[in-house]
$ cat data22.cif   # mmCIF, C-alpha atoms
data_data
#
loop_
_atom_site.label_atom_id
_atom_site.label_comp_id
_atom_site.auth_asym_id
_atom_site.auth_seq_id
_atom_site.Cartn_x
_atom_site.Cartn_y
_atom_site.Cartn_z
CA MET A 55 -109.48 52.11 99.06
CA GLU A 56 -109.73 48.32 99.35
CA ILE A 57 -107.52 48.27 102.48
CA PHE A 58 -109.60 51.00 104.14
CA ASP A 59 -112.76 49.19 103.16
CA TYR A 60 -111.37 46.03 104.75
CA PHE A 61 -110.50 47.85 107.98
CA LYS A 62 -113.99 49.40 107.98
CA ALA A 63 -115.53 45.99 107.45
CA ILE A 64 -113.74 44.32 110.33
CA GLY A 65 -114.76 47.24 112.58
CA ARG A 66 -113.68 46.83 116.16
CA ARG A 67 -111.56 43.82 115.26
CA PHE A 68 -109.11 46.30 113.72
CA TRP A 69 -107.79 47.00 117.21
CA VAL A 70 -106.62 43.41 117.40
CA LEU A 71 -104.10 44.27 114.66
CA VAL A 72 -102.87 47.17 116.80
CA LEU A 73 -103.03 45.96 120.38
CA VAL A 74 -101.65 42.44 120.00
CA PRO A 75 -98.42 43.49 118.20
CA ALA A 76 -98.05 46.48 120.53
CA ILE A 77 -98.33 44.32 123.64
CA ALA A 78 -96.06 41.64 122.17
CA GLY A 79 -93.47 44.29 121.36
CA LEU A 80 -93.68 46.11 124.69
CA LEU A 81 -93.28 43.00 126.85
CA PRO A 82 -89.59 42.47 125.91
CA LEU A 83 -88.91 46.17 126.46
CA ALA A 84 -90.57 45.97 129.85
CA TYR A 85 -88.39 42.98 130.74
CA PHE A 86 -85.18 44.83 129.87
CA LEU A 87 -86.34 47.96 131.71
CA LEU A 88 -87.51 46.21 134.86
CA ARG A 89 -84.72 43.69 135.30
CA PRO A 90 -81.88 44.50 137.74
CA THR A 91 -79.41 47.16 136.57
CA GLN A 92 -76.61 45.71 134.51
CA TYR A 93 -72.99 46.89 134.69
CA ALA A 94 -70.31 46.47 132.05
CA ALA A 95 -66.53 46.50 132.24
CA LYS A 96 -64.36 46.54 129.14
CA VAL A 97 -60.69 45.94 128.47
CA THR A 98 -58.97 46.44 125.13
CA VAL A 99 -56.06 44.23 124.15
CA VAL A 100 -53.48 46.47 122.45
CA PRO A 101 -50.96 44.01 120.96
CA VAL A 102 -48.57 46.59 119.49
CA SER A 103 -45.50 44.56 120.54
CA LEU A 104 -47.14 41.17 120.01
CA VAL A 105 -48.35 41.16 116.39
CA GLY A 106 -46.20 41.95 113.37
CA GLY A 107 -43.07 44.02 113.87
CA VAL A 108 -39.83 42.18 114.58
CA ARG A 109 -39.01 38.80 113.08
CA THR A 110 -39.20 37.06 116.45
CA ASN A 111 -42.88 37.88 117.03
CA GLN A 112 -45.13 34.85 117.21
CA TYR A 113 -47.86 36.46 115.06
CA ARG A 114 -46.62 37.64 111.67
CA GLY A 115 -47.82 37.69 108.08
CA SER A 116 -50.87 38.98 106.24
CA ASP A 117 -53.32 37.13 108.49
CA ALA A 118 -51.55 37.93 111.76
CA ASP A 119 -54.25 40.32 113.03
CA LYS A 120 -57.08 37.90 112.35
CA PHE A 121 -55.08 34.95 113.66
CA PHE A 122 -54.30 36.74 116.93
CA ALA A 123 -57.89 37.91 117.46
CA ASN A 124 -59.23 34.41 116.75
CA ASN A 125 -56.75 32.89 119.20
CA VAL A 126 -57.76 35.31 121.95
CA THR A 127 -61.44 34.58 121.27
CA GLY A 128 -60.84 30.85 121.19
CA ALA A 129 -58.85 30.92 124.42
CA LEU A 130 -61.63 32.77 126.24
CA LYS A 131 -64.14 30.09 125.23
CA THR A 132 -62.19 27.15 126.62
CA ASN A 133 -63.46 25.54 129.79
CA PRO A 134 -60.07 25.53 131.59
CA LEU A 135 -59.67 29.29 131.14
CA ILE A 136 -63.28 30.01 132.12
CA ASP A 137 -62.78 27.88 135.24
CA GLN A 138 -59.54 29.73 136.03
CA VAL A 139 -61.28 33.12 135.73
CA SER A 140 -64.06 31.78 137.94
CA ARG A 141 -61.57 30.79 140.65
CA GLU A 142 -59.73 34.11 140.49
CA SER A 143 -62.85 36.31 140.51
CA GLY A 144 -65.17 34.26 142.70
CA VAL A 145 -67.89 34.30 140.02
CA ALA A 146 -69.55 31.04 138.95
CA ALA A 147 -68.19 29.62 135.71
CA HIS A 148 -71.58 29.67 133.94
CA GLN A 149 -72.02 33.35 134.84
CA VAL A 150 -68.56 34.16 133.50
CA ARG A 151 -69.34 32.33 130.25
CA THR A 152 -72.77 34.02 129.89
CA GLY A 153 -71.62 37.58 130.56
CA LEU A 154 -68.32 37.51 128.68
CA ASN A 155 -68.10 38.85 125.13
CA VAL A 156 -65.03 39.09 122.86
CA ALA A 157 -64.87 41.09 119.62
CA GLN A 158 -62.17 42.02 117.12
CA VAL A 159 -61.98 45.79 116.55
CA ASN A 160 -62.55 46.70 112.89
CA GLY A 161 -60.50 43.83 111.50
CA SER A 162 -57.38 44.92 113.42
CA ALA A 163 -55.34 42.97 115.97
CA PHE A 164 -57.05 44.93 118.74
CA VAL A 165 -59.56 42.90 120.74
CA GLU A 166 -62.25 44.13 123.12
CA VAL A 167 -63.21 41.92 126.04
CA THR A 168 -66.44 42.92 127.80
CA TYR A 169 -68.20 41.47 130.83
CA VAL A 170 -71.77 42.37 131.79
CA THR A 171 -73.24 41.52 135.20
CA ALA A 172 -75.76 42.71 137.74
CA LYS A 173 -73.01 42.80 140.39
CA LYS A 174 -71.05 45.98 139.84
CA GLY A 175 -68.14 44.90 142.02
CA LYS A 176 -67.53 41.77 139.93
CA ALA A 177 -67.44 43.38 136.50
CA GLU A 178 -63.85 44.64 136.57
CA PRO A 179 -62.24 41.59 138.29
CA VAL A 180 -63.78 39.18 135.79
CA VAL A 181 -62.79 41.10 132.67
CA ARG A 182 -59.29 41.77 134.05
CA ALA A 183 -58.73 38.09 134.87
CA ALA A 184 -60.15 36.98 131.52
CA ALA A 185 -57.93 39.24 129.38
CA THR A 186 -54.83 38.64 131.50
CA ASP A 187 -55.25 34.87 131.56
CA ALA A 188 -55.93 34.70 127.81
CA LEU A 189 -52.69 36.52 126.95
CA HIS A 190 -50.74 34.52 129.50
CA PHE A 191 -52.14 31.31 128.04
CA LEU A 192 -51.16 32.26 124.48
CA PHE A 193 -47.61 33.40 125.23
CA GLN A 194 -46.71 31.34 128.29
CA SER A 195 -47.23 28.19 126.22
CA GLN A 196 -44.57 29.35 123.74
CA TYR A 197 -42.13 29.99 126.58
CA ASP A 198 -42.88 26.60 128.12
CA VAL A 199 -42.28 24.81 124.82
CA ALA A 200 -38.95 26.58 124.32
CA LYS A 201 -37.92 25.91 127.93
CA ALA A 202 -38.78 22.23 127.53
CA GLU A 203 -36.58 22.12 124.42
CA VAL A 204 -33.71 23.64 126.41
CA ASP A 205 -34.13 21.05 129.15
CA ALA A 206 -34.32 18.18 126.64
CA ALA A 207 -31.18 19.36 124.82
CA GLN A 208 -29.31 19.81 128.09
CA LYS A 209 -30.32 16.35 129.24
CA GLN A 210 -29.04 14.88 125.98
CA ALA A 211 -25.74 16.78 126.34
CA ASN A 212 -25.38 15.58 129.95
CA GLN A 213 -25.95 11.97 128.91
CA ALA A 214 -23.32 12.35 126.19
CA ASP A 215 -20.88 13.83 128.73
CA ASP A 216 -21.50 10.92 131.09
CA GLY A 217 -20.84 8.48 128.26
CA LEU A 218 -17.61 10.30 127.30
CA ASN A 219 -16.42 10.29 130.90
CA GLY A 220 -17.10 6.55 131.13
CA ILE A 221 -15.08 5.90 127.97
CA SER A 222 -12.26 8.10 129.24
CA GLN A 223 -12.05 6.00 132.40
CA GLN A 224 -11.82 2.84 130.28
CA SER A 225 -8.96 4.34 128.26
CA ASP A 226 -6.82 5.40 131.21
CA GLY A 227 -7.97 8.98 131.25
CA LYS A 228 -7.13 9.52 127.59
CA THR A 229 -9.31 9.69 124.55
CA PRO A 230 -9.57 6.29 122.79
CA ASP A 231 -7.61 7.47 119.74
CA VAL A 232 -4.70 8.73 121.88
CA ALA A 233 -4.68 5.55 123.97
CA TYR A 234 -4.87 3.43 120.80
CA ALA A 235 -1.97 5.27 119.19
CA ALA A 236 0.22 5.00 122.32
CA LEU A 237 -0.49 1.29 122.77
CA SER A 238 -0.01 0.41 119.10
CA ARG A 239 3.41 2.08 119.09
CA GLY A 240 4.59 -0.21 121.90
CA ILE A 241 3.56 -3.54 120.34
CA PRO A 242 6.38 -3.78 117.72
CA ALA A 243 8.97 -3.28 120.46
CA LEU A 244 7.44 -6.11 122.51
CA GLN A 245 7.36 -8.37 119.47
CA ALA A 246 11.04 -7.62 118.74
CA THR A 247 11.96 -8.33 122.35
CA ALA A 248 10.15 -11.69 122.22
CA ALA A 249 11.96 -12.60 119.02
CA ARG A 250 15.34 -11.87 120.58
CA ALA A 251 14.63 -13.70 123.82
CA LYS A 252 16.69 -16.86 124.23
CA ASP A 253 14.60 -18.15 127.09
CA PRO A 254 11.41 -19.75 125.73
CA GLY A 255 9.57 -18.95 128.95
CA ALA A 256 10.47 -15.29 128.75
CA ALA A 257 9.49 -15.18 125.08
CA ALA A 258 6.14 -16.80 125.86
CA GLN A 259 5.49 -14.28 128.60
CA ILE A 260 6.24 -11.37 126.26
CA ASN A 261 4.00 -12.87 123.57
CA GLN A 262 1.19 -13.02 126.12
CA GLN A 263 1.70 -9.30 126.71
CA VAL A 264 1.53 -8.72 122.97
CA ALA A 265 -1.72 -10.73 122.72
CA ALA A 266 -3.21 -8.79 125.64
CA ALA A 267 -2.17 -5.52 124.01
CA GLN A 268 -3.82 -6.56 120.74
CA VAL A 269 -7.07 -7.40 122.57
CA ARG A 270 -6.80 -4.04 124.28
CA LEU A 271 -6.34 -2.38 120.88
CA ALA A 272 -9.48 -4.07 119.56
CA ASN A 273 -11.43 -2.80 122.58
CA LEU A 274 -10.01 0.70 122.14
CA GLY A 275 -11.10 0.60 118.49
CA LYS A 276 -14.68 -0.13 119.58
CA LEU A 277 -14.49 2.58 122.23
CA GLU A 278 -13.26 5.04 119.62
CA GLY A 279 -16.38 4.41 117.51
CA GLN A 280 -18.60 4.96 120.55
CA TYR A 281 -16.57 8.02 121.50
CA LEU A 282 -17.00 9.60 118.08
CA ALA A 283 -20.74 8.87 118.12
CA LEU A 284 -21.10 10.49 121.54
CA ILE A 285 -19.06 13.49 120.39
CA ASP A 286 -21.54 13.93 117.51
CA VAL A 287 -24.52 13.56 119.86
CA ARG A 288 -23.06 16.15 122.22
CA ARG A 289 -22.33 18.55 119.35
CA ARG A 290 -25.92 18.33 118.09
CA ALA A 291 -27.28 18.67 121.63
CA VAL A 292 -25.20 21.81 122.23
CA ASN A 293 -26.49 23.30 118.96
CA LEU A 294 -30.07 22.46 119.91
CA ARG A 295 -29.53 23.98 123.32
CA ARG A 296 -28.17 27.19 121.76
CA ASP A 297 -31.15 27.49 119.40
CA ALA A 298 -33.60 26.69 122.19
CA ASP A 299 -31.98 29.30 124.45
CA GLN A 300 -32.56 31.86 121.71
CA ARG A 301 -36.23 30.86 121.47
CA VAL A 302 -36.55 31.13 125.26
CA ARG A 303 -35.17 34.67 125.14
CA GLU A 304 -37.58 35.59 122.35
CA ALA A 305 -40.53 33.97 124.14
CA SER A 306 -39.58 35.80 127.34
CA VAL A 307 -39.69 39.13 125.52
CA GLN A 308 -43.13 38.27 124.09
CA LEU A 309 -44.40 37.12 127.49
CA ALA A 310 -43.24 40.37 129.07
CA ALA A 311 -44.94 42.36 126.28
CA ALA A 312 -48.17 40.44 127.01
CA ALA A 313 -48.21 41.57 130.66
CA PRO A 314 -51.35 43.53 131.65
CA GLN A 315 -49.47 46.82 132.11
CA ASN A 316 -48.08 46.55 128.58
CA ALA A 317 -50.91 45.09 126.50
CA LEU A 318 -54.21 45.93 128.23
CA VAL A 319 -56.18 49.17 128.46
CA PHE A 320 -58.98 49.10 131.03
CA GLY A 321 -62.15 51.15 130.80
CA LYS A 322 -64.38 52.32 133.66
CA VAL A 323 -67.26 50.19 134.89
CA HIS A 324 -70.55 51.72 133.67
CA ARG A 325 -74.25 50.96 133.57
CA SER A 326 -75.22 48.89 130.58
CA PHE A 327 -78.48 48.80 128.69
CA PRO A 328 -78.53 46.53 125.63
CA LEU A 329 -80.55 48.88 123.42
CA ASN A 330 -79.92 46.96 120.21
CA GLU A 331 -80.81 43.65 121.82
CA ALA A 332 -83.96 45.12 123.39
CA LEU A 333 -85.05 46.60 120.05
CA GLN A 334 -84.45 43.31 118.28
CA PHE A 335 -86.61 41.44 120.78
CA ALA A 336 -89.28 44.17 120.65
CA VAL A 337 -89.43 44.14 116.85
CA GLY A 338 -89.46 40.34 116.84
CA GLY A 339 -92.25 40.29 119.42
CA ALA A 340 -94.28 42.85 117.48
CA ALA A 341 -93.86 40.89 114.26
CA GLY A 342 -94.92 37.70 116.01
CA GLY A 343 -97.90 39.48 117.54
CA LEU A 344 -98.95 40.82 114.15
CA PHE A 345 -98.74 37.34 112.69
CA VAL A 346 -100.93 35.97 115.49
CA ALA A 347 -103.41 38.84 115.13
CA VAL A 348 -103.77 38.39 111.38
CA GLY A 349 -104.16 34.65 111.83
CA TYR A 350 -106.82 35.20 114.49
CA LEU A 351 -108.78 37.59 112.25
CA LEU A 352 -108.64 35.23 109.29
CA VAL A 353 -109.84 32.30 111.37
CA LYS A 354 -112.53 34.48 112.95
CA GLU A 355 -113.68 35.67 109.52
CA VAL A 356 -113.89 32.15 108.18
CA TRP A 357 -115.72 30.93 111.28
CA ASP A 358 -118.24 33.80 111.12
CA GLY A 359 -118.85 33.04 107.44
CA VAL A 360 -119.52 29.41 108.22
CA ARG A 361 -121.97 30.38 110.98
CA ARG A 362 -123.81 32.83 108.69
CA ARG A 363 -124.22 30.21 105.96
CA SER A 364 -125.42 27.70 108.53
CA ARG A 365 -128.09 30.14 109.81
CA SER A 366 -129.20 30.91 106.24
CA ARG A 367 -129.70 27.25 105.41
CA GLY A 368 -131.60 26.78 108.68
CA ALA A 369 -133.95 29.67 107.92
CA GLU A 370 -134.68 28.38 104.42
CA ALA A 371 -135.50 24.94 105.83
CA VAL A 372 -138.33 26.27 108.10
CA PRO A 373 -141.73 25.85 106.28
CA ALA A 374 -143.96 28.87 105.82
CA SER A 375 -147.00 29.00 108.21
CA GLY A 376 -150.62 29.02 106.73
#

$ encode --input "data22.cif" --output "structure tokens"
Amino acid sequence: MEIFDYFKAIGRRFWVLVLVPAIAGLLPLAYFLLRPTQYAAKVTVVPVSLVGGVRTNQYRGSDADKFFANNVTGALKTNPLIDQVSRESGVAAHQVRTGLNVAQVNGSAFVEVTYVTAKKGKAEPVVRAAATDALHFLFQSQYDVAKAEVDAAQKQANQADDGLNGISQQSDGKTPDVAYAALSRGIPALQATAARAKDPGAAAQINQQVAAAQVRLANLGKLEGQYLALIDVRRRAVNLRRDADQRVREASVQLAAAAPQNALVFGKVHRSFPLNEALQFAVGGAAGGLFVAVGYLLVKEVWDGVRRRSRSRGAEAVPASG
């Protein structure tokens, strides 16, 4: 009864508690109803061949679904990708960013990409470009890394081959160990010939040949060390190239699986009314209006009380007439 008594006491002011929240709640609804028609286009990323499955998939493990969905979401929030979608669709970057929404579907690896706009003809191009570019960004980068590893390994192998060819030219077209063995076998014969020579001049000339051969042997020994080091470098480079080639093949398969025709399902463009958002704003407006109305009534009540007490004291101060 106290509440009804209070409403009866405030009389016509009761309508303030009704009208202010009602108006504050209806204004957001009116905005959503009167604004230009909005259109939505949706594409679902279906990463059946991209997440889990075979050992070569990039996304594996217990958190693969969440990891993939987060990566797609993160990619679609980056400025370079937003700018790329803007260039491809002809829609301003800030409009792409404002209208684009990405959501993981029920904790799975499926991701829904939605774009809402007042321009019906731009809804599908934007969402198509966004989903396609996001997948391309995620899987093209893996291919590029693997391809760069192939190129680096091949460059290292080519440099080793050039070094080996240079050493071969210095050792008369033979490997240093073969040239060393052939030359070392001939030195004892030269030394024996010098020892048997009766002509000192001839012996001296042969000894010079022996000395030159020994210098040559020392050089061949150094070349053999370089040759073996280059052989090891080339062997490791070939192994790296083989492993990188395998990663390129795996990344190529993933990149093909991420193509729009394999990983994206497009929905039809349809009219969009954000009912939940409108209701949230309406309820928030009504609650704010109620707060303002109650505050107004409390202030009004206090002010009226002050005025009544002021009038009472003024009437008591007037002296009675004779």

$ resolve_selection --input "data22.cif" --expression "the PyMOL selection byres ((chain A and resi 213-229) around 7)" --output "VMD selection string"
chain A and resid 209 to 212 230 to 233 277 281 284 287 to 288

$ resolve_selection --input "data22.cif" --expression "the PyMOL selection byres ((chain A and resi 309-318) around 8)" --output "MDAnalysis selection string"
chainID A and resid 97:104 185:186 189:190 193:194 197 305:308 319:320

$ closest_residue --input "data22.cif" --among "A:Gln259, A:Val74, A:Leu294, A:Ala184" --to "A:Gly349" --atoms "only C-alpha atoms"
A:Val74

$ residues_around --input "data22.cif" --residues "stretch 116-119 of chain A" --least-positions-apart "5" --cutoff "8 Å" --atoms "only C-alpha atoms" --output "VMD selection string"
chain A and resid 105 to 106 161 to 164

$ resolve_selection --input "data22.cif" --expression "the PyMOL selection byres ((chain A and resi 179) around 12)" --output "PyMOL selection string"
chain A and resi 94-97+139-145+150+168-171+173-178+180-187+320+322-323

$ closest_residue --input "data22.cif" --among "A:Ala146, A:Val159, A:Leu192, A:Ala76" --to "A:Gly128" --atoms "all atoms listed in the file"
A:Leu192

$ closest_residue --input "data22.cif" --among "A:Val167, A:Ala147, A:Ala207, A:Ala235" --to "A:Asp299" --atoms "only C-alpha atoms"
A:Ala207

$ atom_distance --input "data22.cif" --atom1 "atom CA of A:Glu304" --atom2 "atom CA of A:Leu135"
24.6 Å

$ atom_distance --input "data22.cif" --atom1 "atom CA of A:Asn293" --atom2 "atom CA of A:Glu203"
11.5 Å

$ atom_distance --input "data22.cif" --atom1 "atom CA of A:Gln112" --atom2 "atom CA of A:Arg295"
20.0 Å
